[in-house]
>>> print(open('my_file-v3.pdb').read())   # PDB, C-alpha atoms and all ligand atoms
MODEL        1
ATOM      1  CA  MET A   1     -19.306 -30.030  44.347
ATOM      2  CA  PRO A   2     -17.230 -27.903  41.954
ATOM      3  CA  ILE A   3     -18.362 -27.170  38.426
ATOM      4  CA  GLU A   4     -17.345 -29.786  35.848
ATOM      5  CA  LEU A   5     -15.566 -28.145  32.899
ATOM      6  CA  VAL A   6     -15.422 -29.446  29.320
ATOM      7  CA  THR A   7     -13.194 -27.748  26.730
ATOM      8  CA  ILE A   8     -14.500 -28.074  23.162
ATOM      9  CA  PRO A   9     -12.268 -27.270  20.177
ATOM     10  CA  CYS A  10     -14.320 -25.599  17.406
ATOM     11  CA  LEU A  11     -13.593 -24.311  13.869
ATOM     12  CA  SER A  12      -9.841 -24.065  13.185
ATOM     13  CA  ASP A  13      -8.663 -22.458  16.435
ATOM     14  CA  ASN A  14     -11.650 -21.529  18.646
ATOM     15  CA  TYR A  15     -12.756 -22.970  21.984
ATOM     16  CA  ALA A  16     -16.174 -23.279  23.581
ATOM     17  CA  TYR A  17     -16.650 -24.486  27.159
ATOM     18  CA  LEU A  18     -19.351 -26.434  28.963
ATOM     19  CA  CYS A  19     -19.930 -25.961  32.694
ATOM     20  CA  HIS A  20     -21.976 -28.671  34.366
ATOM     21  CA  ASP A  21     -23.397 -28.970  37.858
ATOM     22  CA  ALA A  22     -23.845 -32.668  38.666
ATOM     23  CA  GLU A  23     -26.255 -31.992  41.532
ATOM     24  CA  THR A  24     -28.893 -30.090  39.535
ATOM     25  CA  LYS A  25     -27.800 -31.380  36.090
ATOM     26  CA  GLN A  26     -27.696 -27.767  34.889
ATOM     27  CA  THR A  27     -25.367 -27.048  31.972
ATOM     28  CA  LEU A  28     -24.036 -23.716  30.765
ATOM     29  CA  LEU A  29     -22.220 -23.131  27.456
ATOM     30  CA  ILE A  30     -19.677 -20.347  27.068
ATOM     31  CA  ASP A  31     -19.667 -19.173  23.424
ATOM     32  CA  ALA A  32     -20.928 -21.005  20.357
ATOM     33  CA  PRO A  33     -18.384 -20.904  17.501
ATOM     34  CA  GLU A  34     -20.138 -23.793  15.706
ATOM     35  CA  ALA A  35     -22.947 -26.150  16.694
ATOM     36  CA  LYS A  36     -21.702 -29.588  15.671
ATOM     37  CA  PRO A  37     -18.882 -30.297  18.178
ATOM     38  CA  ILE A  38     -20.885 -28.651  20.981
ATOM     39  CA  LEU A  39     -24.009 -30.739  20.301
ATOM     40  CA  ALA A  40     -21.809 -33.845  20.124
ATOM     41  CA  ALA A  41     -20.186 -33.044  23.485
ATOM     42  CA  LEU A  42     -23.629 -32.598  25.075
ATOM     43  CA  ASP A  43     -24.990 -35.807  23.489
ATOM     44  CA  ARG A  44     -22.009 -37.858  24.589
ATOM     45  CA  ARG A  45     -22.689 -36.919  28.220
ATOM     46  CA  ASP A  46     -26.456 -36.927  27.889
ATOM     47  CA  TRP A  47     -26.586 -33.324  29.129
ATOM     48  CA  ASP A  48     -29.361 -30.836  28.349
ATOM     49  CA  LEU A  49     -28.218 -27.287  27.787
ATOM     50  CA  ASN A  50     -29.889 -24.646  29.979
ATOM     51  CA  GLU A  51     -28.012 -21.485  29.106
ATOM     52  CA  ILE A  52     -25.648 -20.015  26.526
ATOM     53  CA  PHE A  53     -23.353 -17.197  27.684
ATOM     54  CA  LEU A  54     -21.981 -15.076  24.824
ATOM     55  CA  THR A  55     -18.766 -13.138  25.500
ATOM     56  CA  HIS A  56     -18.948 -10.853  22.447
ATOM     57  CA  HIS A  57     -20.567 -10.442  19.059
ATOM     58  CA  HIS A  58     -17.850 -11.756  16.712
ATOM     59  CA  ASP A  59     -19.131 -14.450  14.386
ATOM     60  CA  ASP A  60     -16.603 -17.047  15.578
ATOM     61  CA  HIS A  61     -18.223 -16.859  19.049
ATOM     62  CA  ILE A  62     -21.934 -16.823  18.102
ATOM     63  CA  ALA A  63     -22.363 -18.620  14.756
ATOM     64  CA  GLY A  64     -23.586 -21.864  16.341
ATOM     65  CA  VAL A  65     -26.355 -20.346  18.495
ATOM     66  CA  ALA A  66     -29.328 -20.868  16.139
ATOM     67  CA  GLU A  67     -28.615 -24.551  15.491
ATOM     68  CA  ILE A  68     -27.930 -25.267  19.165
ATOM     69  CA  LEU A  69     -31.287 -23.678  20.053
ATOM     70  CA  ARG A  70     -33.029 -25.980  17.567
ATOM     71  CA  ASN A  71     -31.749 -28.899  19.673
ATOM     72  CA  HIS A  72     -31.828 -27.498  23.220
ATOM     73  CA  ASP A  73     -34.290 -25.292  25.074
ATOM     74  CA  ALA A  74     -31.624 -22.902  26.355
ATOM     75  CA  LYS A  75     -31.700 -19.233  27.363
ATOM     76  CA  VAL A  76     -29.152 -16.889  25.781
ATOM     77  CA  THR A  77     -27.284 -14.370  27.950
ATOM     78  CA  GLY A  78     -25.060 -11.598  26.627
ATOM     79  CA  ALA A  79     -23.936  -8.035  27.236
ATOM     80  CA  ALA A  80     -26.598  -5.346  27.398
ATOM     81  CA  ALA A  81     -24.116  -3.126  25.533
ATOM     82  CA  ASP A  82     -24.151  -5.643  22.667
ATOM     83  CA  ARG A  83     -27.923  -6.187  22.663
ATOM     84  CA  ASP A  84     -28.302  -5.167  19.021
ATOM     85  CA  ARG A  85     -25.573  -7.392  17.618
ATOM     86  CA  LEU A  86     -26.061 -10.629  19.576
ATOM     87  CA  PRO A  87     -28.511 -13.299  18.367
ATOM     88  CA  ASN A  88     -31.631 -14.457  20.251
ATOM     89  CA  LEU A  89     -30.779 -12.662  23.493
ATOM     90  CA  ASP A  90     -33.047 -13.593  26.435
ATOM     91  CA  ARG A  91     -31.092 -11.817  29.120
ATOM     92  CA  ALA A  92     -28.912  -8.714  28.827
ATOM     93  CA  VAL A  93     -26.266  -8.387  31.548
ATOM     94  CA  LYS A  94     -23.738  -5.804  32.675
ATOM     95  CA  GLU A  95     -20.746  -5.567  35.031
ATOM     96  CA  GLY A  96     -21.572  -7.046  38.444
ATOM     97  CA  ASP A  97     -24.594  -9.105  37.345
ATOM     98  CA  THR A  98     -24.535 -12.801  38.187
ATOM     99  CA  VAL A  99     -25.102 -16.024  36.274
ATOM    100  CA  SER A 100     -25.963 -19.000  38.449
ATOM    101  CA  LEU A 101     -25.172 -22.648  37.883
ATOM    102  CA  GLY A 102     -26.418 -24.996  40.586
ATOM    103  CA  ALA A 103     -25.385 -23.529  43.924
ATOM    104  CA  GLU A 104     -22.700 -21.359  42.333
ATOM    105  CA  SER A 105     -22.933 -17.828  41.194
ATOM    106  CA  GLY A 106     -20.659 -16.396  38.499
ATOM    107  CA  THR A 107     -19.933 -12.688  38.254
ATOM    108  CA  VAL A 108     -20.062 -10.799  34.963
ATOM    109  CA  TRP A 109     -17.207  -8.377  34.221
ATOM    110  CA  ASP A 110     -17.048  -5.826  31.458
ATOM    111  CA  VAL A 111     -13.691  -6.524  29.807
ATOM    112  CA  SER A 112     -13.972  -4.231  26.786
ATOM    113  CA  GLY A 113     -10.975  -3.665  24.536
ATOM    114  CA  HIS A 114     -11.106  -6.364  21.822
ATOM    115  CA  THR A 115     -14.687  -5.161  21.311
ATOM    116  CA  VAL A 116     -16.696  -2.665  23.319
ATOM    117  CA  GLY A 117     -19.203  -4.786  25.227
ATOM    118  CA  HIS A 118     -16.985  -7.858  25.612
ATOM    119  CA  ILE A 119     -17.814  -9.601  28.898
ATOM    120  CA  ALA A 120     -16.141 -12.250  31.061
ATOM    121  CA  LEU A 121     -17.621 -14.632  33.623
ATOM    122  CA  TYR A 122     -15.903 -15.521  36.912
ATOM    123  CA  PHE A 123     -16.887 -18.454  39.152
ATOM    124  CA  GLU A 124     -14.949 -17.729  42.320
ATOM    125  CA  ALA A 125     -15.751 -20.942  44.241
ATOM    126  CA  SER A 126     -14.842 -23.277  41.363
ATOM    127  CA  LYS A 127     -11.913 -21.005  40.372
ATOM    128  CA  LEU A 128     -12.900 -20.678  36.718
ATOM    129  CA  VAL A 129     -12.768 -17.527  34.633
ATOM    130  CA  PHE A 130     -14.057 -17.300  31.063
ATOM    131  CA  THR A 131     -12.071 -14.608  29.298
ATOM    132  CA  ALA A 132     -12.619 -15.338  25.566
ATOM    133  CA  ASP A 133     -10.750 -12.676  23.546
ATOM    134  CA  SER A 134      -9.748 -10.404  26.448
ATOM    135  CA  LEU A 135      -7.060 -12.229  28.462
ATOM    136  CA  MET A 136      -5.746 -15.089  26.305
ATOM    137  CA  ALA A 137      -3.116 -17.788  26.870
ATOM    138  CA  CYS A 138       0.122 -15.755  26.942
ATOM    139  CA  GLY A 139      -1.651 -12.990  25.042
ATOM    140  CA  CYS A 140      -4.635 -10.704  24.798
ATOM    141  CA  GLY A 141      -7.192  -9.928  22.108
ATOM    142  CA  ARG A 142      -6.452  -7.496  19.309
ATOM    143  CA  LEU A 143      -7.911  -4.024  19.841
ATOM    144  CA  PHE A 144     -10.674  -3.871  17.225
ATOM    145  CA  GLU A 145     -12.964  -1.405  18.989
ATOM    146  CA  GLY A 146     -11.556  -0.367  22.356
ATOM    147  CA  THR A 147      -8.424   1.563  23.303
ATOM    148  CA  ALA A 148      -5.262   0.155  24.879
ATOM    149  CA  GLU A 149      -6.163   1.976  28.065
ATOM    150  CA  GLN A 150      -9.565   0.291  28.113
ATOM    151  CA  MET A 151      -8.026  -3.171  27.568
ATOM    152  CA  TRP A 152      -5.451  -2.555  30.284
ATOM    153  CA  ALA A 153      -8.225  -1.589  32.730
ATOM    154  CA  SER A 154     -10.082  -4.776  31.741
ATOM    155  CA  LEU A 155      -7.029  -7.009  32.276
ATOM    156  CA  CYS A 156      -6.491  -5.435  35.714
ATOM    157  CA  LYS A 157      -9.828  -6.928  36.822
ATOM    158  CA  TYR A 158      -8.284 -10.404  36.599
ATOM    159  CA  ALA A 159      -5.854  -9.399  39.358
ATOM    160  CA  GLN A 160      -8.473 -10.534  41.874
ATOM    161  CA  CYS A 161      -8.429 -14.157  40.582
ATOM    162  CA  PRO A 162      -6.148 -16.430  42.660
ATOM    163  CA  ASP A 163      -3.202 -18.146  40.946
ATOM    164  CA  GLU A 164      -5.018 -21.522  40.750
ATOM    165  CA  THR A 165      -7.903 -20.031  38.744
ATOM    166  CA  LEU A 166      -8.318 -21.735  35.365
ATOM    167  CA  VAL A 167      -8.217 -19.168  32.558
ATOM    168  CA  CYS A 168     -10.615 -20.355  29.841
ATOM    169  CA  SER A 169      -9.890 -18.240  26.768
ATOM    170  CA  GLY A 170     -11.330 -18.311  23.265
ATOM    171  CA  HIS A 171      -8.530 -19.331  20.890
ATOM    172  CA  GLU A 172      -5.572 -21.609  20.310
ATOM    173  CA  TYR A 173      -3.090 -18.804  19.619
ATOM    174  CA  THR A 174      -0.633 -19.807  22.307
ATOM    175  CA  LEU A 175       2.288 -20.913  20.136
ATOM    176  CA  SER A 176       2.503 -17.588  18.309
ATOM    177  CA  ASN A 177       1.802 -15.736  21.567
ATOM    178  CA  VAL A 178       4.723 -17.346  23.432
ATOM    179  CA  LYS A 179       7.077 -16.568  20.528
ATOM    180  CA  PHE A 180       6.084 -12.914  20.662
ATOM    181  CA  ALA A 181       6.333 -12.906  24.477
ATOM    182  CA  ALA A 182       9.959 -14.054  24.235
ATOM    183  CA  SER A 183      10.763 -11.029  22.039
ATOM    184  CA  VAL A 184       9.893  -8.606  24.863
ATOM    185  CA  ASP A 185      10.781 -10.844  27.844
ATOM    186  CA  PRO A 186      13.666 -13.061  26.632
ATOM    187  CA  ASP A 187      15.247 -13.854  30.002
ATOM    188  CA  ASN A 188      12.062 -15.040  31.717
ATOM    189  CA  ALA A 189      12.728 -18.665  32.746
ATOM    190  CA  SER A 190       9.018 -19.441  33.301
ATOM    191  CA  LEU A 191       8.295 -18.207  29.787
ATOM    192  CA  GLN A 192      11.067 -20.374  28.322
ATOM    193  CA  ARG A 193       9.490 -23.371  30.050
ATOM    194  CA  ARG A 194       6.090 -22.380  28.699
ATOM    195  CA  ILE A 195       7.491 -22.201  25.164
ATOM    196  CA  SER A 196       8.694 -25.815  25.309
ATOM    197  CA  ASP A 197       5.498 -26.991  27.051
ATOM    198  CA  THR A 198       3.370 -25.255  24.412
ATOM    199  CA  ALA A 199       5.377 -26.687  21.520
ATOM    200  CA  ALA A 200       5.066 -30.196  23.009
ATOM    201  CA  ALA A 201       1.313 -29.848  23.588
ATOM    202  CA  ARG A 202       0.672 -28.617  20.041
ATOM    203  CA  ALA A 203       2.908 -31.298  18.534
ATOM    204  CA  SER A 204       0.530 -33.852  20.063
ATOM    205  CA  LYS A 205      -2.529 -31.712  19.158
ATOM    206  CA  GLN A 206      -3.412 -31.051  22.818
ATOM    207  CA  PRO A 207      -5.188 -27.786  23.691
ATOM    208  CA  THR A 208      -3.040 -25.288  25.603
ATOM    209  CA  VAL A 209      -6.146 -23.978  27.367
ATOM    210  CA  PRO A 210      -7.289 -23.610  30.030
ATOM    211  CA  SER A 211      -4.138 -22.125  31.517
ATOM    212  CA  THR A 212      -3.858 -20.817  35.065
ATOM    213  CA  MET A 213      -3.839 -17.283  36.391
ATOM    214  CA  GLY A 214      -0.478 -17.999  38.069
ATOM    215  CA  LEU A 215       1.090 -19.025  34.748
ATOM    216  CA  GLU A 216      -0.362 -15.964  33.019
ATOM    217  CA  ARG A 217       1.006 -13.650  35.711
ATOM    218  CA  ALA A 218       4.452 -15.232  35.357
ATOM    219  CA  THR A 219       4.639 -15.327  31.549
ATOM    220  CA  ASN A 220       1.999 -13.214  29.783
ATOM    221  CA  PRO A 221       3.677  -9.911  28.767
ATOM    222  CA  PHE A 222       0.283  -8.171  28.616
ATOM    223  CA  LEU A 223      -0.069  -8.699  32.387
ATOM    224  CA  ARG A 224       3.533  -7.640  33.025
ATOM    225  CA  PRO A 225       3.960  -4.009  31.915
ATOM    226  CA  ASN A 226       5.418  -3.327  35.379
ATOM    227  CA  SER A 227       8.272  -5.815  34.796
ATOM    228  CA  PRO A 228      11.645  -3.999  34.997
ATOM    229  CA  GLU A 229      13.106  -6.429  32.417
ATOM    230  CA  ILE A 230      10.341  -5.738  29.875
ATOM    231  CA  ARG A 231      10.548  -1.994  30.527
ATOM    232  CA  THR A 232      14.307  -2.054  29.933
ATOM    233  CA  ILE A 233      13.898  -3.841  26.598
ATOM    234  CA  LEU A 234      11.236  -1.343  25.523
ATOM    235  CA  GLY A 235      13.220   1.622  26.855
ATOM    236  CA  MET A 236      10.173   2.683  28.900
ATOM    237  CA  GLN A 237      11.363   2.907  32.517
ATOM    238  CA  THR A 238       9.255   5.898  33.519
ATOM    239  CA  GLN A 239       5.988   5.406  31.652
ATOM    240  CA  THR A 240       2.705   4.209  33.197
ATOM    241  CA  ASP A 241       1.658   0.548  33.081
ATOM    242  CA  ALA A 242      -1.068   1.484  30.582
ATOM    243  CA  GLU A 243       1.501   3.131  28.288
ATOM    244  CA  VAL A 244       3.830   0.128  28.455
ATOM    245  CA  PHE A 245       0.865  -2.194  27.828
ATOM    246  CA  ALA A 246      -0.061  -0.117  24.741
ATOM    247  CA  GLU A 247       3.481  -0.437  23.371
ATOM    248  CA  ILE A 248       3.500  -4.234  23.911
ATOM    249  CA  ARG A 249       0.145  -4.466  22.103
ATOM    250  CA  ARG A 250       1.453  -2.292  19.235
ATOM    251  CA  ARG A 251       4.547  -4.516  18.871
ATOM    252  CA  LYS A 252       2.399  -7.663  18.847
ATOM    253  CA  ASP A 253       0.298  -6.203  16.001
ATOM    254  CA  ASN A 254       3.494  -5.817  13.955
ATOM    255  CA  PHE A 255       5.201  -9.041  15.026
TER
HETATM  256 ZN    ZN P 301     -13.354 -11.922  18.812
HETATM  257 FE    FE P 302     -12.498 -14.719  18.582
ENDMDL
END
>>> encode(input="my_file-v3.pdb", output="structure tokens")
Amino acid sequence: MPIELVTIPCLSDNYAYLCHDAETKQTLLIDAPEAKPILAALDRRDWDLNEIFLTHHHDDHIAGVAEILRNHDAKVTGAAADRDRLPNLDRAVKEGDTVSLGAESGTVWDVSGHTVGHIALYFEASKLVFTADSLMACGCGRLFEGTAEQMWASLCKYAQCPDETLVCSGHEYTLSNVKFAASVDPDNASLQRRISDTAAARASKQPTVPSTMGLERATNPFLRPNSPEIRTILGMQTQTDAEVFAEIRRRKDNF
């Protein structure tokens, strides 16, 4: 039985996710922006939380941990590299470690760039990847700590996820992301479709996440530095993918 996924809007534009295995009744939370909506989502389904997986140390991903732990006897997992700035850590993980849920095993990836120590979690069998502020819907996280080269290397890890994989990212930034994407990739028909789909979803207050890996590959400029059309617009025909990625990121910062 595949993992059941629940998307929980938190704060003004964050997302947390619940993963539930019906067989064992195990439940895993990805990030804890605030306790209230997460506790409500658990209560509504009568689920007990077993584990909290923290992607990185920013407050809008961890602020709810303490209150959630007052209500659920859950273990907290986070990056070993971030051990000193994550709350209540029970288990410190690194690239290649696994997090199990029922019969499934998720793989931890180091996807540093937004922060150094940012991690992702990939459930291959259920085709779910939790990317938080690394790969985002039609975007990628701002480079607060890592270099563009580091973020590009991190994004390349997602190349192994099949197109149907659900990309569960940390924020509702999609509308501004698609507008920026169109500035560097204006003739991309899939992107034009995504712009109208995103506008329609937000007009009816629907989340634009999770997206799919296939849609990201077709429309997310941060995964497309090898696109001849984007390279032409940037005047960067001969540079490396990492250099083109860095220029796209720089333009987004000033958009
Ligand atoms: Zn962040
Ligand atoms: Fe964030």
>>> residues_near_point(input="my_file-v3.pdb", point="(-9.9, -17.9, 37.3)", cutoff="8 Å", atoms="all atoms listed in the file", output="JSON, numbers by chain")
{"A": [122, 123, 124, 127, 128, 129, 130, 158, 161, 162, 163, 164, 165, 166, 167, 168, 212, 213]}
>>> closest_residue(input="my_file-v3.pdb", among="A:Leu143, A:Ala218, A:Leu29, A:Ala199", to="ligand ZN 301 (chain P)", atoms="all atoms listed in the file")
A:Leu143
>>> axis_aligned_box(input="my_file-v3.pdb", around="segment 73-88 of chain A", padding_each_side="6 Å", output="lines of an AutoDock Vina configuration file")
center_x = -29.1
center_y = -14.2
center_z = 22.8
size_x = 22.4
size_y = 34.2
size_z = 22.3
>>> residues_around(input="my_file-v3.pdb", residues="Arg70 of chain A", least_positions_apart="6", cutoff="12 Å", atoms="all atoms listed in the file", output="ChimeraX atom specification")
/A:35,39,49,64,88
>>> residues_near_ligand(input="my_file-v3.pdb", ligand="ligand ZN 301 (chain P)", cutoff="12 Å", atoms="all atoms listed in the file", output="number ranges by chain")
A: 13-15, 31-33, 54-63, 112-119, 131-136, 140-145, 169-171
>>> resolve_selection(input="my_file-v3.pdb", expression="the PyMOL selection byres (((chain A and resi 138) around 12) and not hetatm)", output="VMD selection string")
chain A and resid 133 to 137 139 to 141 167 169 171 to 182 185 190 to 192 194 to 195 198 208 to 224 252
>>> write_last_selection(input="my_file-v3.pdb", atoms="C-alpha atoms", output="PDB file, in the coordinates of the input")
ATOM      1  CA  ASP A 133     -10.750 -12.676  23.546  1.00  0.00           C
ATOM      2  CA  SER A 134      -9.748 -10.404  26.448  1.00  0.00           C
ATOM      3  CA  LEU A 135      -7.060 -12.229  28.462  1.00  0.00           C
ATOM      4  CA  MET A 136      -5.746 -15.089  26.305  1.00  0.00           C
ATOM      5  CA  ALA A 137      -3.116 -17.788  26.870  1.00  0.00           C
ATOM      6  CA  GLY A 139      -1.651 -12.990  25.042  1.00  0.00           C
ATOM      7  CA  CYS A 140      -4.635 -10.704  24.798  1.00  0.00           C
ATOM      8  CA  GLY A 141      -7.192  -9.928  22.108  1.00  0.00           C
ATOM      9  CA  VAL A 167      -8.217 -19.168  32.558  1.00  0.00           C
ATOM     10  CA  SER A 169      -9.890 -18.240  26.768  1.00  0.00           C
ATOM     11  CA  HIS A 171      -8.530 -19.331  20.890  1.00  0.00           C
ATOM     12  CA  GLU A 172      -5.572 -21.609  20.310  1.00  0.00           C
ATOM     13  CA  TYR A 173      -3.090 -18.804  19.619  1.00  0.00           C
ATOM     14  CA  THR A 174      -0.633 -19.807  22.307  1.00  0.00           C
ATOM     15  CA  LEU A 175       2.288 -20.913  20.136  1.00  0.00           C
ATOM     16  CA  SER A 176       2.503 -17.588  18.309  1.00  0.00           C
ATOM     17  CA  ASN A 177       1.802 -15.736  21.567  1.00  0.00           C
ATOM     18  CA  VAL A 178       4.723 -17.346  23.432  1.00  0.00           C
ATOM     19  CA  LYS A 179       7.077 -16.568  20.528  1.00  0.00           C
ATOM     20  CA  PHE A 180       6.084 -12.914  20.662  1.00  0.00           C
ATOM     21  CA  ALA A 181       6.333 -12.906  24.477  1.00  0.00           C
ATOM     22  CA  ALA A 182       9.959 -14.054  24.235  1.00  0.00           C
ATOM     23  CA  ASP A 185      10.781 -10.844  27.844  1.00  0.00           C
ATOM     24  CA  SER A 190       9.018 -19.441  33.301  1.00  0.00           C
ATOM     25  CA  LEU A 191       8.295 -18.207  29.787  1.00  0.00           C
ATOM     26  CA  GLN A 192      11.067 -20.374  28.322  1.00  0.00           C
ATOM     27  CA  ARG A 194       6.090 -22.380  28.699  1.00  0.00           C
ATOM     28  CA  ILE A 195       7.491 -22.201  25.164  1.00  0.00           C
ATOM     29  CA  THR A 198       3.370 -25.255  24.412  1.00  0.00           C
ATOM     30  CA  THR A 208      -3.040 -25.288  25.603  1.00  0.00           C
ATOM     31  CA  VAL A 209      -6.146 -23.978  27.367  1.00  0.00           C
ATOM     32  CA  PRO A 210      -7.289 -23.610  30.030  1.00  0.00           C
ATOM     33  CA  SER A 211      -4.138 -22.125  31.517  1.00  0.00           C
ATOM     34  CA  THR A 212      -3.858 -20.817  35.065  1.00  0.00           C
ATOM     35  CA  MET A 213      -3.839 -17.283  36.391  1.00  0.00           C
ATOM     36  CA  GLY A 214      -0.478 -17.999  38.069  1.00  0.00           C
ATOM     37  CA  LEU A 215       1.090 -19.025  34.748  1.00  0.00           C
ATOM     38  CA  GLU A 216      -0.362 -15.964  33.019  1.00  0.00           C
ATOM     39  CA  ARG A 217       1.006 -13.650  35.711  1.00  0.00           C
ATOM     40  CA  ALA A 218       4.452 -15.232  35.357  1.00  0.00           C
ATOM     41  CA  THR A 219       4.639 -15.327  31.549  1.00  0.00           C
ATOM     42  CA  ASN A 220       1.999 -13.214  29.783  1.00  0.00           C
ATOM     43  CA  PRO A 221       3.677  -9.911  28.767  1.00  0.00           C
ATOM     44  CA  PHE A 222       0.283  -8.171  28.616  1.00  0.00           C
ATOM     45  CA  LEU A 223      -0.069  -8.699  32.387  1.00  0.00           C
ATOM     46  CA  ARG A 224       3.533  -7.640  33.025  1.00  0.00           C
ATOM     47  CA  LYS A 252       2.399  -7.663  18.847  1.00  0.00           C
TER      48      LYS A 252
END
